[in-house]
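Student: Pasting input.csv below, which is CSV, C-alpha atoms and all ligand atoms.
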```csv
chain,number,residue,atom,x,y,z
A,216,MET,CA,-4.5,116.0,271.3
A,217,SER,CA,-6.3,118.9,269.8
A,218,ASN,CA,-6.2,119.6,266.1
A,219,GLN,CA,-4.5,122.9,266.7
A,220,ILE,CA,-1.6,121.2,268.6
A,221,GLN,CA,-1.3,118.5,265.9
A,222,LEU,CA,-1.2,121.2,263.3
A,223,GLU,CA,1.6,123.1,265.1
A,224,GLN,CA,3.5,119.9,265.5
A,225,VAL,CA,3.3,119.1,261.7
A,226,ILE,CA,4.3,122.7,260.9
A,227,SER,CA,7.4,122.5,263.1
A,228,GLY,CA,8.2,119.1,261.5
A,229,LEU,CA,7.9,120.6,258.1
A,230,ASN,CA,10.3,123.4,259.1
A,231,LEU,CA,12.8,120.8,260.2
A,232,ASP,CA,12.4,119.1,256.8
A,233,LEU,CA,12.9,122.4,255.1
A,234,SER,CA,16.2,123.1,257.0
A,235,TRP,CA,17.4,119.6,256.0
A,236,GLU,CA,16.5,120.3,252.3
A,237,TYR,CA,18.6,123.4,252.3
A,238,ALA,CA,21.4,121.5,254.0
A,239,ALA,CA,21.2,118.7,251.4
A,240,LEU,CA,21.3,121.2,248.5
A,241,ILE,CA,24.5,122.8,249.9
A,242,GLN,CA,26.1,119.5,250.7
A,243,TYR,CA,25.4,118.1,247.2
A,244,VAL,CA,26.9,121.2,245.5
A,245,GLN,CA,30.0,120.9,247.6
A,246,HIS,CA,30.4,117.1,247.2
A,247,ALA,CA,30.0,117.5,243.4
A,248,SER,CA,32.9,119.8,243.4
A,249,MET,CA,35.0,117.7,245.8
A,250,LEU,CA,34.6,114.2,244.2
A,251,TYR,CA,37.6,113.3,242.2
A,252,GLY,CA,38.6,110.6,239.7
A,253,PRO,CA,37.3,109.7,236.2
A,254,GLU,CA,35.0,107.0,237.5
A,255,TYR,CA,33.1,109.7,239.4
A,256,THR,CA,32.1,111.8,236.4
A,257,ALA,CA,28.6,110.3,236.1
A,258,VAL,CA,28.2,110.4,239.9
A,259,ILE,CA,29.0,114.2,239.9
A,260,ASP,CA,26.3,114.8,237.3
A,261,GLU,CA,23.9,112.7,239.5
A,262,LEU,CA,24.7,114.8,242.6
A,263,LEU,CA,24.1,118.0,240.8
A,264,THR,CA,20.7,116.7,239.6
A,265,HIS,CA,20.0,115.8,243.3
A,266,ALA,CA,20.9,119.3,244.3
A,267,GLU,CA,18.4,120.8,241.9
A,268,GLN,CA,15.7,118.5,243.2
A,269,GLU,CA,16.4,119.3,246.8
A,270,HIS,CA,15.9,123.0,245.8
A,271,GLU,CA,12.5,122.1,244.3
A,272,HIS,CA,11.6,120.2,247.5
A,273,ALA,CA,12.6,123.3,249.6
A,274,VAL,CA,10.2,125.5,247.5
A,275,ILE,CA,7.3,123.0,247.8
A,276,ILE,CA,7.8,122.5,251.6
A,277,SER,CA,8.1,126.3,252.2
A,278,ASP,CA,4.8,126.8,250.3
A,279,ILE,CA,3.1,124.0,252.3
A,280,ILE,CA,4.2,125.6,255.6
A,281,GLN,CA,2.8,129.0,254.5
A,282,TYR,CA,-0.4,127.4,253.3
A,283,LEU,CA,-0.9,125.8,256.7
A,284,GLY,CA,-0.4,129.1,258.4
A,285,GLY,CA,3.2,128.8,259.5
A,286,ILE,CA,6.3,130.8,258.8
A,287,PRO,CA,8.9,128.9,256.7
A,288,THR,CA,12.3,128.8,258.4
A,289,VAL,CA,15.5,130.2,257.0
A,290,GLU,CA,17.6,127.9,259.1
A,291,VAL,CA,20.0,125.4,257.5
A,292,ALA,CA,20.6,122.0,259.2
A,293,ASN,CA,24.0,120.4,259.6
A,294,ARG,CA,26.1,119.8,256.5
A,295,LEU,CA,28.8,117.1,256.3
A,296,THR,CA,31.8,116.7,254.1
A,297,SER,CA,35.0,114.7,253.7
A,298,LEU,CA,38.2,114.3,251.6
A,299,SER,CA,37.1,110.7,250.8
A,300,ASN,CA,34.8,110.0,247.9
A,301,THR,CA,33.1,107.1,249.5
A,302,GLU,CA,32.7,109.0,252.9
A,303,MET,CA,30.9,111.9,251.1
A,304,LEU,CA,28.6,109.5,249.3
A,305,ARG,CA,27.9,107.7,252.6
A,306,GLN,CA,27.0,111.1,254.2
A,307,ASP,CA,24.7,111.8,251.3
A,308,LEU,CA,23.0,108.4,251.6
A,309,GLN,CA,22.5,108.7,255.3
A,310,GLY,CA,20.8,112.1,254.6
A,311,GLU,CA,18.5,110.5,252.2
A,312,TYR,CA,17.6,107.7,254.6
A,313,ASP,CA,16.9,110.3,257.3
A,314,ALA,CA,14.8,112.3,254.9
A,315,ILE,CA,12.7,109.3,253.9
A,316,ARG,CA,12.0,108.4,257.6
A,317,ARG,CA,11.0,112.0,258.4
A,318,TYR,CA,8.7,112.3,255.3
A,319,LEU,CA,6.9,109.0,256.0
A,320,GLN,CA,6.2,110.4,259.5
A,321,ARG,CA,5.0,113.7,258.0
A,322,ILE,CA,2.6,111.9,255.7
A,323,GLU,CA,1.1,110.1,258.7
A,324,GLN,CA,0.8,113.4,260.6
A,325,LEU,CA,-0.8,115.2,257.7
A,326,GLU,CA,-3.3,112.4,257.0
A,327,ALA,CA,-4.3,112.3,260.6
A,328,LEU,CA,-5.4,115.9,260.1
A,329,HIS,CA,-7.2,114.9,256.8
A,330,LEU,CA,-4.7,117.2,255.0
A,331,TYR,CA,-4.5,114.7,252.1
A,332,ASP,CA,-3.5,117.3,249.6
A,333,SER,CA,-0.4,118.4,251.5
A,334,ALA,CA,0.3,114.7,252.2
A,335,GLN,CA,0.2,114.0,248.5
A,336,LYS,CA,2.9,116.6,247.9
A,337,ILE,CA,5.1,115.0,250.5
A,338,ARG,CA,4.5,111.6,248.9
A,339,ASN,CA,5.8,113.0,245.6
A,340,ILE,CA,8.9,114.3,247.4
A,341,VAL,CA,9.6,111.0,249.2
A,342,LEU,CA,9.5,109.1,246.0
A,343,VAL,CA,12.3,111.3,244.7
A,344,GLU,CA,14.3,110.8,247.9
A,345,GLN,CA,14.0,107.1,247.4
A,346,GLU,CA,15.4,107.5,243.9
A,347,HIS,CA,18.3,109.5,245.4
A,348,ALA,CA,19.0,106.7,247.9
A,349,ILE,CA,19.0,104.1,245.1
A,350,ASP,CA,21.4,106.2,243.0
A,351,LEU,CA,23.8,106.5,246.0
A,352,GLU,CA,23.5,102.9,247.0
A,353,LYS,CA,24.5,101.9,243.4
A,354,ALA,CA,27.3,104.5,243.3
A,355,LEU,CA,28.7,103.0,246.6
A,356,GLY,CA,28.5,99.5,245.0
A,357,MET,CA,26.1,98.3,247.7
A,358,GLN,CA,24.9,94.8,247.0
A,359,LYS,CA,21.4,94.5,248.6
A,360,VAL,CA,20.5,91.0,247.4
A,361,ARG,CA,21.3,88.5,250.2
A,362,PRO,CA,23.5,85.5,249.3
A,363,GLY,CA,21.5,82.4,248.7
A,364,THR,CA,18.4,84.2,247.5
A,365,HIS,CA,16.3,82.0,245.3
A,366,TYR,CA,15.4,83.4,241.9
A,367,PRO,CA,12.4,82.3,240.0
A,368,PHE,CA,14.6,82.2,236.9
A,369,SER,CA,18.1,81.0,236.2
A,370,LEU,CA,20.9,83.5,236.3
A,371,LYS,CA,23.2,81.0,234.5
A,372,PRO,CA,24.0,81.9,230.8
B,1,FE,FE,14.7,116.5,249.1
B,2,FE,FE,17.3,113.7,248.2
```
What's the structure tokens form of this structure?
Ligand SMILES: [Fe+2]
Ligand SMILES: [Fe+2]
Tutor:
Amino acid sequence: MSNQIQLEQVISGLNLDLSWEYAALIQYVQHASMLYGPEYTAVIDELLTHAEQEHEHAVIISDIIQYLGGIPTVEVANRLTSLSNTEMLRQDLQGEYDAIRRYLQRIEQLEALHLYDSAQKIRNIVLVEQEHAIDLEKALGMQKVRPGTHYPFSLKP
């Protein structure tokens, strides 16, 4: 595959990423308003922080696209919502997992073109998405440690 075709592929991938960043920003703002119950107060603050960070990601990705010679999209990908607190958080978590998967692919594509500077910017973004996923996993009460896991120290008091 020629470098030009590879470059066009990565630009179209980045435009997809950008449309999902805009969607995530909107979805987080709406979910922060819709979550209810006193136990969700801290989670609401967390989602609003995520929304601000998705906005920052959109700006960074838009600039990368322009830098690589593309035109940043104004499209917004699909948003999801629900009347259920846990369903909204599950929707947000799935969005983060999808973003992480896309960004790891984007890093590979950029590095194949020796665009290590742009790849570094995506690395910084994907680290934040991982933090978002961890926040949501914890808010959903997901226990990731498998039963029977052996610890190198005693958990007994
Ligand atoms: Fe993001
Ligand atoms: Fe995120």
Student: Using all atoms listed in the file, what does the table of chain A residues within 8 Å of ligand FE 2 (chain B) look like, with each row giving the shortest atom pair and its distance in Å to one decimal, sorted by chain and ascending number, as a tab-separated table?
Tutor:
```
residue	atom	partner	partner_atom	distance
A:Glu236	CA	B:FE2	FE	7.8
A:Ala239	CA	B:FE2	FE	7.1
A:His265	CA	B:FE2	FE	6.0
A:Ala266	CA	B:FE2	FE	7.7
A:Gln268	CA	B:FE2	FE	7.1
A:Glu269	CA	B:FE2	FE	5.8
A:Gly310	CA	B:FE2	FE	7.5
A:Glu311	CA	B:FE2	FE	5.3
A:Ala314	CA	B:FE2	FE	7.3
A:Val343	CA	B:FE2	FE	6.6
A:Glu344	CA	B:FE2	FE	4.2
A:Gln345	CA	B:FE2	FE	7.4
A:Glu346	CA	B:FE2	FE	7.8
A:His347	CA	B:FE2	FE	5.1
A:Ala348	CA	B:FE2	FE	7.2
```
Student: Selected residues, C-alpha atoms, written as a compact mmCIF listing (two decimals), in the coordinates of the input, please.
Tutor:
```txt
# COMPACT_ATOMS: atom_id res chain seq x y z
CA GLU A 236 16.50 120.30 252.30
CA ALA A 239 21.20 118.70 251.40
CA HIS A 265 20.00 115.80 243.30
CA ALA A 266 20.90 119.30 244.30
CA GLN A 268 15.70 118.50 243.20
CA GLU A 269 16.40 119.30 246.80
CA GLY A 310 20.80 112.10 254.60
CA GLU A 311 18.50 110.50 252.20
CA ALA A 314 14.80 112.30 254.90
CA VAL A 343 12.30 111.30 244.70
CA GLU A 344 14.30 110.80 247.90
CA GLN A 345 14.00 107.10 247.40
CA GLU A 346 15.40 107.50 243.90
CA HIS A 347 18.30 109.50 245.40
CA ALA A 348 19.00 106.70 247.90
```
Student: I need the residue nearest ligand FE 1 (chain B) from this list: A:Leu328, A:Leu283, A:Val341, A:Ile259. Use only C-alpha atoms and all ligand atoms for the distance.
Tutor: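 Of A:Leu328, A:Leu283, A:Val341, A:Ile259, the one nearest ligand FE 1 (chain B) is A:Val341, counting only C-alpha atoms and all ligand atoms.
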Student: Name the closest residue to A:Glu261 among the candidates A:Asp307, A:Glu302, A:Glu290, A:Asp313; distances are taken between atoms, counting only C-alpha atoms.
Tutor: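 Smallest distance to A:Glu261 is found for A:Asp307.
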Student: Under the rule that only C-alpha atoms are counted, which of A:Ser234, A:Gln242, A:Gln335, A:Ser217 is the nearest residue to A:Gln306?
Tutor: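 Looking only at the distances to A:Gln306, the closest residue turns out to be A:Gln242.
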Student: My list of candidates is A:Leu351, A:Val289, A:Ser277, A:Asn300. Which is closest to A:Tyr255 when distances are computed with only C-alpha atoms?
Tutor: A:Asn300
Student: Interatomic distance between atom CA of A:Val244 and atom CA of A:Lys353?
Tutor: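 These two atoms are separated by 19.6 Å.
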Student: Under the rule that only C-alpha atoms and all ligand atoms are counted, which of A:Met216, A:Ile286, A:Val274, A:Val360 is the nearest residue to ligand FE 1 (chain B)?
Tutor: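 Closest to ligand FE 1 (chain B), using only C-alpha atoms and all ligand atoms: A:Val274.
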Student: When distances are computed from only C-alpha atoms and all ligand atoms, which of A:Ala327, A:Leu233, A:Met249, A:Ala334 shows the smallest separation from ligand FE 1 (chain B)?
Tutor: A:Leu233
Student: Determine, counting only C-alpha atoms, which protein, DNA and RNA residues have an atom within 10 Å of an atom of A:Glu223; residues of the same chain fewer than 4 positions away are not included. Present the result as a ChimeraX atom specification.
Tutor: /A:218-219,227-229,283-285
Student: Could you write those residues out with C-alpha atoms, as a short mmCIF file (atom, residue, chain, number, x, y, z; two decimals), keeping the file's coordinate frame?
Tutor:
```cif
data_model
loop_
_atom_site.label_atom_id
_atom_site.label_comp_id
_atom_site.auth_asym_id
_atom_site.auth_seq_id
_atom_site.Cartn_x
_atom_site.Cartn_y
_atom_site.Cartn_z
CA ASN A 218 -6.20 119.60 266.10
CA GLN A 219 -4.50 122.90 266.70
CA SER A 227 7.40 122.50 263.10
CA GLY A 228 8.20 119.10 261.50
CA LEU A 229 7.90 120.60 258.10
CA LEU A 283 -0.90 125.80 256.70
CA GLY A 284 -0.40 129.10 258.40
CA GLY A 285 3.20 128.80 259.50
#
```
Student: Quick check, in Å to one decimal: how far apart do atom CA of A:His270 and atom CA of A:Ser333 lie?
Tutor: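 Taking atom CA of A:His270 and atom CA of A:Ser333, their separation equals 17.9 Å.
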Student: Please, what distance in Å, to one decimal, runs between atom CA of A:Arg294 and atom CA of A:Lys359?
Tutor: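 These atoms are spaced 26.9 Å apart.
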Student: Excluding same-chain residues fewer than 2 positions from A:Arg321, what lies within 12 Å of it counting only C-alpha atoms, as an MDAnalysis selection string?
Tutor: chainID A and resid 221:222 224:232 276 279 314:319 323:328 330:331 333:338 340:341
Student: With only C-alpha atoms as the counted atoms, please give the residues lying no more than 12 Å from A:Ser248, apart from itself and same-chain residues fewer than 5 positions off, as a ChimeraX atom specification.
Tutor: /A:241-243,255-256,258-260,262-263,296-298,300,303
Student: Which residues are near A:Leu304? Cut-off 9 Å, only C-alpha atoms, ignore same chain within fewer than 4 positions. Put them as a PyMOL selection string.
Tutor: chain A and resi 246+299-300+308-309+351-352+354-355
